[in-house]
>>> print(open('coords29.txt').read())   # compact mmCIF, C-alpha atoms
# COMPACT_ATOMS: atom_id res chain seq x y z
CA MET W 1 -306.70 135.73 -86.29
CA ASP W 2 -306.65 137.11 -89.82
CA GLU W 3 -304.54 134.58 -91.70
CA ASN W 4 -303.62 136.67 -94.71
CA GLY W 5 -300.31 135.05 -95.51
CA SER W 6 -297.96 132.72 -93.68
CA LEU W 7 -297.21 132.87 -89.98
CA THR W 8 -293.68 133.95 -90.86
CA GLU W 9 -294.97 136.84 -92.96
CA ARG W 10 -297.33 137.93 -90.20
CA PHE W 11 -294.46 137.89 -87.70
CA GLU W 12 -292.28 139.94 -90.02
CA LYS W 13 -294.99 142.61 -90.17
CA ASP W 14 -294.61 143.04 -86.41
CA ARG W 15 -290.82 142.67 -86.24
CA THR W 16 -290.12 146.44 -86.35
CA ARG W 17 -292.55 147.12 -83.51
CA LEU W 18 -291.21 144.23 -81.43
CA ARG W 19 -287.62 145.37 -81.94
CA ALA W 20 -288.58 148.92 -80.94
CA VAL W 21 -290.22 147.67 -77.73
CA ALA W 22 -287.27 145.43 -76.92
CA TYR W 23 -284.67 148.12 -77.59
CA ARG W 24 -286.38 150.59 -75.28
CA MET W 25 -286.66 147.91 -72.61
CA LEU W 26 -283.05 146.71 -72.93
CA GLY W 27 -281.09 149.60 -74.47
CA SER W 28 -279.00 147.19 -76.55
CA VAL W 29 -279.46 146.27 -80.21
CA THR W 30 -277.94 142.82 -79.70
CA GLU W 31 -280.15 142.01 -76.73
CA ALA W 32 -283.21 143.45 -78.47
CA ASP W 33 -282.61 141.21 -81.49
CA ASP W 34 -282.17 138.23 -79.16
CA ALA W 35 -285.49 139.05 -77.50
CA VAL W 36 -287.27 139.28 -80.86
CA GLN W 37 -285.78 135.97 -81.96
CA GLU W 38 -286.92 134.31 -78.74
CA THR W 39 -290.40 135.73 -79.33
CA TRP W 40 -290.47 134.11 -82.78
CA LEU W 41 -289.37 130.78 -81.31
CA ARG W 42 -292.14 130.92 -78.72
CA LEU W 43 -294.72 131.71 -81.38
CA SER W 44 -293.48 128.85 -83.53
CA ARG W 45 -293.50 126.40 -80.61
CA THR W 46 -297.00 127.48 -79.61
CA ALA W 47 -298.24 126.94 -83.16
CA ASP W 48 -296.54 123.53 -83.33
CA ALA W 49 -298.10 122.50 -80.01
CA HIS W 50 -301.55 123.51 -81.24
CA ALA W 51 -301.11 121.54 -84.46
CA HIS W 52 -299.95 118.50 -82.46
CA GLU W 53 -303.04 118.68 -80.23
CA GLU W 54 -305.20 118.71 -83.35
CA GLY W 55 -303.32 115.76 -84.79
CA GLU W 56 -302.19 117.80 -87.78
CA GLU W 57 -298.92 118.90 -89.28
CA ARG W 58 -298.61 122.65 -88.94
CA GLY W 59 -298.33 124.60 -92.14
CA ASP W 60 -296.50 127.88 -92.20
CA GLY W 61 -299.78 129.73 -92.37
CA ASP W 62 -301.24 128.16 -89.24
CA ALA W 63 -301.34 130.25 -86.07
CA PRO W 64 -302.03 129.15 -82.51
CA ALA W 65 -305.72 128.86 -81.69
CA GLY W 66 -307.27 131.58 -79.58
CA ILE W 67 -304.94 134.37 -80.71
CA GLU W 68 -307.28 136.98 -82.11
CA ASN W 69 -304.78 139.84 -81.88
CA LEU W 70 -301.37 138.53 -82.90
CA THR W 71 -299.67 141.94 -82.50
CA GLY W 72 -300.90 142.19 -78.92
CA TRP W 73 -299.86 138.61 -78.18
CA LEU W 74 -296.38 139.16 -79.59
CA THR W 75 -295.98 142.45 -77.69
CA THR W 76 -296.86 140.63 -74.47
CA VAL W 77 -294.40 137.84 -75.19
CA VAL W 78 -291.49 140.11 -76.12
CA SER W 79 -292.18 142.17 -72.98
CA ARG W 80 -291.99 139.04 -70.81
CA VAL W 81 -288.77 138.02 -72.53
CA CYS W 82 -287.28 141.48 -71.89
CA LEU W 83 -288.28 141.35 -68.23
CA ASN W 84 -286.48 138.03 -67.86
CA MET W 85 -283.40 139.47 -69.56
CA LEU W 86 -283.42 142.51 -67.28
CA ARG W 87 -283.62 140.27 -64.22
CA ALA W 88 -280.72 138.18 -65.51
CA ARG W 89 -278.75 141.37 -66.18
CA GLU W 90 -278.82 142.21 -62.47
CA ASN W 91 -276.34 139.39 -61.93
CA ARG W 92 -273.90 141.23 -64.20
CA ARG W 93 -274.23 144.64 -62.56
CA GLU W 94 -270.78 144.36 -61.04
CA ASP W 95 -269.10 143.85 -64.42
CA PRO W 96 -266.67 146.67 -65.32
CA LEU W 97 -268.41 149.30 -67.40
CA ASP W 98 -265.45 149.21 -69.79
CA ALA W 99 -266.89 145.95 -71.07
CA TYR W 100 -269.80 147.89 -72.52
CA VAL W 101 -267.74 150.52 -74.34
CA PRO W 102 -267.35 149.64 -78.02
CA ASP W 103 -264.01 149.96 -79.71
CA PRO W 104 -264.77 151.88 -82.90
CA ASP W 105 -261.71 150.42 -84.63
CA ALA W 106 -262.58 146.78 -83.90
CA ALA W 107 -265.19 144.70 -85.67
CA PRO W 108 -267.76 143.42 -83.13
CA GLU W 109 -267.54 139.67 -82.59
CA ASP W 110 -271.33 139.35 -82.48
CA GLY W 111 -271.80 140.98 -85.88
CA ARG W 112 -273.36 144.09 -84.35
CA ASP W 113 -273.05 147.26 -86.39
CA PRO W 114 -271.87 150.06 -84.06
CA GLU W 115 -273.12 152.75 -86.43
CA GLU W 116 -276.58 151.17 -86.57
CA GLU W 117 -276.68 150.97 -82.79
CA ALA W 118 -275.58 154.60 -82.52
CA LEU W 119 -278.26 155.72 -84.97
CA LEU W 120 -280.91 153.81 -83.05
CA ALA W 121 -279.72 155.33 -79.77
CA ASP W 122 -279.99 158.78 -81.34
CA SER W 123 -283.50 158.10 -82.61
CA VAL W 124 -284.67 157.05 -79.15
CA GLY W 125 -282.54 159.54 -77.22
CA VAL W 126 -279.41 158.61 -75.29
CA ALA W 127 -280.59 160.55 -72.24
CA LEU W 128 -283.89 158.68 -72.28
CA LEU W 129 -282.06 155.34 -72.36
CA VAL W 130 -279.97 156.46 -69.39
CA VAL W 131 -283.05 157.44 -67.39
CA LEU W 132 -284.89 154.23 -68.32
CA ASP W 133 -281.93 152.27 -66.97
CA THR W 134 -282.48 153.88 -63.54
CA LEU W 135 -286.11 152.74 -63.29
CA THR W 136 -287.34 149.54 -61.72
CA HIS W 137 -288.25 146.80 -64.17
CA ALA W 138 -291.95 147.36 -63.53
CA GLU W 139 -291.68 151.12 -64.00
CA ARG W 140 -289.72 150.70 -67.20
CA LEU W 141 -292.21 148.24 -68.65
CA ALA W 142 -295.23 150.33 -67.72
CA PHE W 143 -293.71 153.51 -69.13
CA VAL W 144 -292.39 151.98 -72.35
CA LEU W 145 -295.52 150.04 -73.23
CA HIS W 146 -298.03 152.74 -72.27
CA ASP W 147 -296.30 156.04 -73.07
CA MET W 148 -294.44 154.87 -76.16
CA PHE W 149 -296.64 152.14 -77.62
CA ALA W 150 -300.10 153.02 -76.29
CA VAL W 151 -300.69 149.64 -74.64
CA PRO W 152 -303.60 149.92 -72.15
CA PHE W 153 -302.81 149.57 -68.46
CA ASP W 154 -305.18 146.63 -68.10
CA GLU W 155 -303.00 144.71 -70.56
CA ILE W 156 -299.72 145.75 -68.94
CA GLY W 157 -300.78 144.96 -65.36
CA PRO W 158 -300.75 141.14 -65.67
CA LEU W 159 -297.18 141.22 -67.01
CA ILE W 160 -295.93 142.71 -63.73
CA GLU W 161 -298.65 141.26 -61.49
CA ARG W 162 -300.18 144.66 -60.72
CA THR W 163 -303.66 146.11 -61.00
CA PRO W 164 -304.34 148.62 -63.80
CA ALA W 165 -304.43 151.41 -61.19
CA ALA W 166 -301.10 150.37 -59.71
CA THR W 167 -299.62 150.09 -63.21
CA ARG W 168 -300.81 153.60 -63.99
CA GLN W 169 -299.00 154.85 -60.90
CA LEU W 170 -295.80 153.11 -61.99
CA ALA W 171 -295.95 154.78 -65.40
CA SER W 172 -296.65 158.15 -63.79
CA ARG W 173 -293.69 157.78 -61.45
CA ALA W 174 -291.45 156.84 -64.37
CA ARG W 175 -292.75 159.81 -66.38
CA ARG W 176 -291.82 162.20 -63.58
CA ARG W 177 -288.34 160.70 -63.45
CA VAL W 178 -287.90 161.13 -67.20
CA ARG W 179 -289.03 164.76 -67.08
CA GLY W 180 -286.94 165.53 -64.03
CA VAL W 181 -286.74 168.86 -62.27
CA ALA W 182 -286.98 172.27 -63.86
CA PRO W 183 -283.79 173.65 -65.43
CA ALA W 184 -281.52 175.72 -63.23
CA PRO W 185 -282.79 179.31 -63.06
CA GLY W 186 -280.89 181.81 -65.17
CA ALA W 187 -278.95 179.05 -66.92
CA ASP W 188 -279.74 180.28 -70.45
CA LEU W 189 -280.56 176.68 -71.32
CA PRO W 190 -281.33 177.17 -75.06
CA ARG W 191 -277.94 178.80 -75.69
CA ARG W 192 -276.07 176.24 -73.58
CA ARG W 193 -277.86 173.43 -75.39
CA GLN W 194 -276.89 174.92 -78.74
CA VAL W 195 -273.23 175.05 -77.72
CA VAL W 196 -273.27 171.51 -76.30
CA GLU W 197 -274.94 170.07 -79.39
CA ALA W 198 -272.45 171.88 -81.61
CA PHE W 199 -269.60 170.37 -79.55
CA LEU W 200 -271.06 166.89 -80.04
CA ALA W 201 -271.59 167.41 -83.78
CA ALA W 202 -268.02 168.66 -84.25
CA THR W 203 -266.62 165.73 -82.25
CA ARG W 204 -268.61 163.16 -84.22
CA GLY W 205 -267.63 164.79 -87.50
CA GLY W 206 -263.97 165.09 -86.59
CA ASN W 207 -264.12 168.85 -87.24
CA PHE W 208 -261.15 170.20 -85.31
CA ASP W 209 -261.60 173.84 -86.34
CA ALA W 210 -265.28 173.83 -85.35
CA LEU W 211 -264.37 172.42 -81.94
CA VAL W 212 -261.72 175.06 -81.34
CA SER W 213 -264.21 177.79 -82.25
CA LEU W 214 -266.51 176.60 -79.45
CA LEU W 215 -263.80 176.57 -76.80
CA HIS W 216 -262.43 179.50 -74.83
CA PRO W 217 -258.67 179.83 -75.45
CA ASP W 218 -258.05 179.10 -71.76
CA VAL W 219 -260.61 176.27 -71.43
CA VAL W 220 -259.84 173.70 -68.73
CA LEU W 221 -260.91 170.06 -68.91
CA HIS W 222 -261.02 167.92 -65.76
CA ALA W 223 -261.35 164.15 -66.16
CA ASP W 224 -261.62 161.90 -63.12
CA ARG W 225 -259.38 158.86 -62.68
CA THR W 226 -261.92 156.45 -64.17
CA VAL W 227 -262.20 158.21 -67.53
CA VAL W 228 -258.79 157.21 -68.94
CA PRO W 229 -258.13 155.47 -66.43
CA THR W 230 -255.15 156.98 -64.62
CA PRO W 231 -253.83 156.95 -61.03
CA GLU W 232 -254.73 160.62 -60.67
CA PRO W 233 -257.36 162.91 -62.26
CA VAL W 234 -256.34 164.47 -65.57
CA VAL W 235 -256.32 168.22 -66.18
CA VAL W 236 -255.99 169.53 -69.75
CA ARG W 237 -255.71 173.23 -70.61
CA GLY W 238 -256.06 175.20 -73.83
CA ALA W 239 -258.50 175.06 -76.72
CA ALA W 240 -256.24 173.20 -79.15
CA THR W 241 -255.22 170.57 -76.59
CA VAL W 242 -258.80 169.94 -75.47
CA ALA W 243 -259.97 169.75 -79.08
CA ARG W 244 -257.30 167.17 -79.93
CA GLY W 245 -258.46 165.07 -77.01
CA ALA W 246 -262.04 165.26 -78.26
CA MET W 247 -260.87 164.12 -81.71
CA ALA W 248 -259.48 160.98 -80.09
CA ALA W 249 -262.96 160.21 -78.73
CA THR W 250 -264.82 160.42 -82.05
CA GLY W 251 -265.83 156.75 -81.90
CA ARG W 252 -267.24 157.06 -78.40
CA ALA W 253 -269.13 160.20 -79.40
CA LEU W 254 -271.39 158.00 -81.54
CA PHE W 255 -272.93 156.69 -78.32
CA THR W 256 -273.22 160.12 -76.72
CA GLY W 257 -276.22 162.43 -76.62
CA PRO W 258 -277.48 165.66 -75.02
CA ALA W 259 -279.07 165.51 -71.59
CA LEU W 260 -280.16 167.76 -68.78
CA ILE W 261 -277.52 167.26 -66.08
CA ASP W 262 -278.21 168.88 -62.71
CA GLY W 263 -280.47 171.37 -64.43
CA THR W 264 -278.25 172.41 -67.34
CA ALA W 265 -277.30 171.06 -70.77
CA GLY W 266 -274.58 168.42 -70.94
CA LEU W 267 -273.68 165.17 -72.65
CA VAL W 268 -274.01 161.56 -71.54
CA MET W 269 -272.39 158.51 -73.09
CA ALA W 270 -274.30 155.25 -72.77
CA PRO W 271 -273.18 152.33 -74.94
CA GLY W 272 -275.64 149.49 -74.54
CA GLY W 273 -278.05 151.91 -72.87
CA ARG W 274 -275.93 152.10 -69.71
CA LEU W 275 -274.44 155.34 -68.43
CA PHE W 276 -270.66 155.27 -68.80
CA LEU W 277 -269.68 158.90 -68.45
CA ALA W 278 -271.06 162.43 -68.40
CA LEU W 279 -269.67 165.72 -69.62
CA VAL W 280 -270.66 168.80 -67.65
CA PHE W 281 -269.95 172.11 -69.38
CA THR W 282 -269.39 175.63 -68.12
CA VAL W 283 -270.41 178.09 -70.84
CA THR W 284 -269.57 181.79 -70.55
CA GLY W 285 -270.25 184.33 -73.25
CA GLY W 286 -271.16 181.59 -75.71
CA LEU W 287 -267.83 179.76 -75.27
CA ILE W 288 -266.99 176.64 -73.28
CA THR W 289 -264.69 177.63 -70.44
CA ALA W 290 -264.61 174.34 -68.53
CA ILE W 291 -265.52 170.68 -69.07
CA ASP W 292 -265.87 168.17 -66.24
CA VAL W 293 -265.70 164.58 -67.52
CA ILE W 294 -267.21 162.20 -64.96
CA ALA W 295 -266.94 158.42 -65.05
CA GLU W 296 -266.51 157.39 -61.42
CA PRO W 297 -269.64 155.35 -60.56
CA GLU W 298 -270.21 157.11 -57.27
CA ARG W 299 -270.11 160.54 -58.91
CA LEU W 300 -272.38 159.40 -61.73
CA ARG W 301 -274.94 158.12 -59.23
CA HIS W 302 -275.24 161.60 -57.70
CA LEU W 303 -275.97 163.34 -61.01
CA ASP W 304 -279.57 164.27 -61.78
CA ILE W 305 -279.85 163.24 -65.44
CA THR W 306 -283.10 163.76 -67.35
CA VAL W 307 -284.37 164.32 -70.87
CA LEU W 308 -284.04 167.82 -72.30
CA ASP W 309 -287.31 169.59 -73.05
CA GLY W 310 -288.28 169.39 -76.69
CA ASP W 311 -286.72 165.95 -77.20
CA PRO W 312 -289.17 164.17 -79.57
CA SER W 313 -288.31 160.84 -78.02
CA GLY W 314 -289.47 161.98 -74.59
CA PRO W 315 -292.66 160.94 -72.78
CA HIS W 316 -296.15 161.57 -74.07
CA GLU W 317 -299.12 162.68 -72.06
CA GLU W 318 -301.84 160.18 -71.24
>>> encode(input="coords29.txt", output="structure tokens")
Amino acid sequence: MDENGSLTERFEKDRTRLRAVAYRMLGSVTEADDAVQETWLRLSRTADAHAHEEGEERGDGDAPAGIENLTGWLTTVVSRVCLNMLRARENRREDPLDAYVPDPDAAPEDGRDPEEEALLADSVGVALLVVLDTLTHAERLAFVLHDMFAVPFDEIGPLIERTPAATRQLASRARRRVRGVAPAPGADLPRRRQVVEAFLAATRGGNFDALVSLLHPDVVLHADRTVVPTPEPVVVRGAATVARGAMAATGRALFTGPALIDGTAGLVMAPGGRLFLALVFTVTGGLITAIDVIAEPERLRHLDITVLDGDPSGPHEE
């Protein structure tokens, strides 16, 4: 290994990459930071063990023997850590999704910055995080490492105990899931996307007048019982009333992004990288005439959610 500086300094050079890998694997800033910290601890322990075998006291500039490519080694380690965390997460799948929705008015107990997490989710793509969460662990790892970080399949395969050819197939299957089906014919997707993105921007910015201008005067919003929650579904009518409701959800809008939902433009909210609710829009004549807010798990499972074309955070060709 090129020992130009201390082991700590060399690790810090790779921290941004490791955090990016971990965030795409886990969808959570807190968990990604935990994975990076565990990777540092494993590197430090490995270096200490090597120094002990040599009968020496490890200096901060000493690295474990046999590591010629420290970046590759660290990427492998953080990927293994993320896989273990994903497997452990399966035991929490029955937790209420409300536990993952941040309260914008409360300071996080773990020191997490909600705005930082929201910005990172935007940079990656909320829809992409939602789709990644539907993949198997092996598919997710193969897709993230290969398509996003250009790690060769022969290096990814051992992490998931697959051959390079089988790993390539996993990445291909994940790529097809991310791309999804073609948009609904005649849906005027560019215009619908423009309206949906304007709705999100106005909600995040707390711009009441801009929201009202996007809504038909007789717009109807349907929210299922899980959204609020309430004993019965909620129906709200009128542009001003719907806009006021959107203003109350400004904090949640930070964790919301555009997506292709059943072939047309919509919005998905995914705090912690997990789908919490979806907004399906009916757009007529450039105005929103209806909004269906879906949070019931069974309904969410039946939605076909993929990344919108043109999203820079989407998959890359091999």
>>> closest_residue(input="coords29.txt", among="W:Gly251, W:Gly205, W:Pro258, W:Gly157", to="Ile305 of chain W", atoms="all atoms listed in the file")
W:Pro258
>>> closest_atom_pairs(input="coords29.txt", of="segment 114-206 of chain W", to="segment 262-274 of chain W", cutoff="12 Å", atoms="only C-alpha atoms", output="JSON lines")
{"residue": "W:Pro114", "atom": "CA", "partner": "W:Pro271", "partner_atom": "CA", "distance": 9.5}
{"residue": "W:Glu115", "atom": "CA", "partner": "W:Pro271", "partner_atom": "CA", "distance": 11.5}
{"residue": "W:Glu117", "atom": "CA", "partner": "W:Gly272", "partner_atom": "CA", "distance": 8.4}
{"residue": "W:Ala118", "atom": "CA", "partner": "W:Pro271", "partner_atom": "CA", "distance": 8.3}
{"residue": "W:Leu119", "atom": "CA", "partner": "W:Pro271", "partner_atom": "CA", "distance": 11.7}
{"residue": "W:Leu120", "atom": "CA", "partner": "W:Gly273", "partner_atom": "CA", "distance": 10.7}
{"residue": "W:Ala121", "atom": "CA", "partner": "W:Gly273", "partner_atom": "CA", "distance": 7.9}
{"residue": "W:Asp122", "atom": "CA", "partner": "W:Ala270", "partner_atom": "CA", "distance": 10.9}
{"residue": "W:Val124", "atom": "CA", "partner": "W:Gly273", "partner_atom": "CA", "distance": 10.5}
{"residue": "W:Gly125", "atom": "CA", "partner": "W:Gly273", "partner_atom": "CA", "distance": 9.9}
{"residue": "W:Val126", "atom": "CA", "partner": "W:Ala270", "partner_atom": "CA", "distance": 6.6}
{"residue": "W:Ala127", "atom": "CA", "partner": "W:Val268", "partner_atom": "CA", "distance": 6.7}
{"residue": "W:Leu128", "atom": "CA", "partner": "W:Gly273", "partner_atom": "CA", "distance": 9.0}
{"residue": "W:Leu129", "atom": "CA", "partner": "W:Gly273", "partner_atom": "CA", "distance": 5.3}
{"residue": "W:Val130", "atom": "CA", "partner": "W:Arg274", "partner_atom": "CA", "distance": 6.0}
{"residue": "W:Val131", "atom": "CA", "partner": "W:Arg274", "partner_atom": "CA", "distance": 9.2}
{"residue": "W:Leu132", "atom": "CA", "partner": "W:Gly273", "partner_atom": "CA", "distance": 8.5}
{"residue": "W:Asp133", "atom": "CA", "partner": "W:Arg274", "partner_atom": "CA", "distance": 6.6}
{"residue": "W:Thr134", "atom": "CA", "partner": "W:Arg274", "partner_atom": "CA", "distance": 9.2}
{"residue": "W:Arg179", "atom": "CA", "partner": "W:Gly263", "partner_atom": "CA", "distance": 11.1}
{"residue": "W:Gly180", "atom": "CA", "partner": "W:Gly263", "partner_atom": "CA", "distance": 8.7}
{"residue": "W:Val181", "atom": "CA", "partner": "W:Gly263", "partner_atom": "CA", "distance": 7.1}
{"residue": "W:Ala182", "atom": "CA", "partner": "W:Gly263", "partner_atom": "CA", "distance": 6.6}
{"residue": "W:Pro183", "atom": "CA", "partner": "W:Gly263", "partner_atom": "CA", "distance": 4.1}
{"residue": "W:Ala184", "atom": "CA", "partner": "W:Gly263", "partner_atom": "CA", "distance": 4.6}
{"residue": "W:Pro185", "atom": "CA", "partner": "W:Gly263", "partner_atom": "CA", "distance": 8.4}
{"residue": "W:Gly186", "atom": "CA", "partner": "W:Thr264", "partner_atom": "CA", "distance": 10.0}
{"residue": "W:Ala187", "atom": "CA", "partner": "W:Thr264", "partner_atom": "CA", "distance": 6.7}
{"residue": "W:Asp188", "atom": "CA", "partner": "W:Thr264", "partner_atom": "CA", "distance": 8.6}
{"residue": "W:Leu189", "atom": "CA", "partner": "W:Thr264", "partner_atom": "CA", "distance": 6.3}
{"residue": "W:Pro190", "atom": "CA", "partner": "W:Ala265", "partner_atom": "CA", "distance": 8.5}
{"residue": "W:Arg191", "atom": "CA", "partner": "W:Ala265", "partner_atom": "CA", "distance": 9.2}
{"residue": "W:Arg192", "atom": "CA", "partner": "W:Ala265", "partner_atom": "CA", "distance": 6.0}
{"residue": "W:Arg193", "atom": "CA", "partner": "W:Ala265", "partner_atom": "CA", "distance": 5.2}
{"residue": "W:Gln194", "atom": "CA", "partner": "W:Ala265", "partner_atom": "CA", "distance": 8.9}
{"residue": "W:Val195", "atom": "CA", "partner": "W:Ala265", "partner_atom": "CA", "distance": 9.0}
{"residue": "W:Val196", "atom": "CA", "partner": "W:Gly266", "partner_atom": "CA", "distance": 6.3}
{"residue": "W:Glu197", "atom": "CA", "partner": "W:Leu267", "partner_atom": "CA", "distance": 8.4}
{"residue": "W:Ala198", "atom": "CA", "partner": "W:Leu267", "partner_atom": "CA", "distance": 11.3}
{"residue": "W:Phe199", "atom": "CA", "partner": "W:Leu267", "partner_atom": "CA", "distance": 9.6}
{"residue": "W:Leu200", "atom": "CA", "partner": "W:Leu267", "partner_atom": "CA", "distance": 8.0}
{"residue": "W:Ala201", "atom": "CA", "partner": "W:Leu267", "partner_atom": "CA", "distance": 11.5}
{"residue": "W:Thr203", "atom": "CA", "partner": "W:Leu267", "partner_atom": "CA", "distance": 11.9}
>>> residues_around(input="coords29.txt", residues="segment 159-176 of chain W", least_positions_apart="6", cutoff="10 Å", atoms="all atoms listed in the file", output="PyMOL selection string")
chain W and resi 76-77+79-80+83+131-132+134-147+152-153+306+314-318
>>> closest_residue(input="coords29.txt", among="W:Glu68, W:Asp154, W:Asp14, W:Asp209", to="Ala243 of chain W", atoms="all atoms listed in the file")
W:Asp209
>>> atom_distance(input="coords29.txt", atom1="atom CA of Leu308 of chain W", atom2="atom CA of Leu277 of chain W")
17.3 Å
>>> closest_residue(input="coords29.txt", among="W:Thr256, W:Thr75, W:Asn207, W:Thr226", to="Val293 of chain W", atoms="all atoms listed in the file")
W:Thr226
>>> closest_residue(input="coords29.txt", among="W:Pro229, W:Pro297, W:Gly206, W:Pro217", to="Thr250 of chain W", atoms="only C-alpha atoms")
W:Gly206
>>> closest_residue(input="coords29.txt", among="W:Ile67, W:Ile288, W:Leu221, W:Cys82", to="Thr39 of chain W", atoms="all atoms listed in the file")
W:Cys82
>>> axis_aligned_box(input="coords29.txt", around="segment 278-289 of chain W", padding_each_side="4 Å", output="lines of an AutoDock Vina configuration file")
center_x = -267.9
center_y = 173.4
center_z = -71.7
size_x = 14.5
size_y = 29.9
size_z = 16.1
>>> residues_around(input="coords29.txt", residues="Glu296 of chain W", least_positions_apart="5", cutoff="9 Å", atoms="only C-alpha atoms", output="MDAnalysis selection string")
chainID W and resid 224:227 276:277 301
>>> closest_residue(input="coords29.txt", among="W:Leu300, W:Asp309, W:Ala35, W:Val220", to="Val21 of chain W", atoms="all atoms listed in the file")
W:Ala35
>>> residues_around(input="coords29.txt", residues="Leu214 of chain W", least_positions_apart="2", cutoff="6 Å", atoms="only C-alpha atoms", output="PyMOL selection string")
chain W and resi 211-212+287
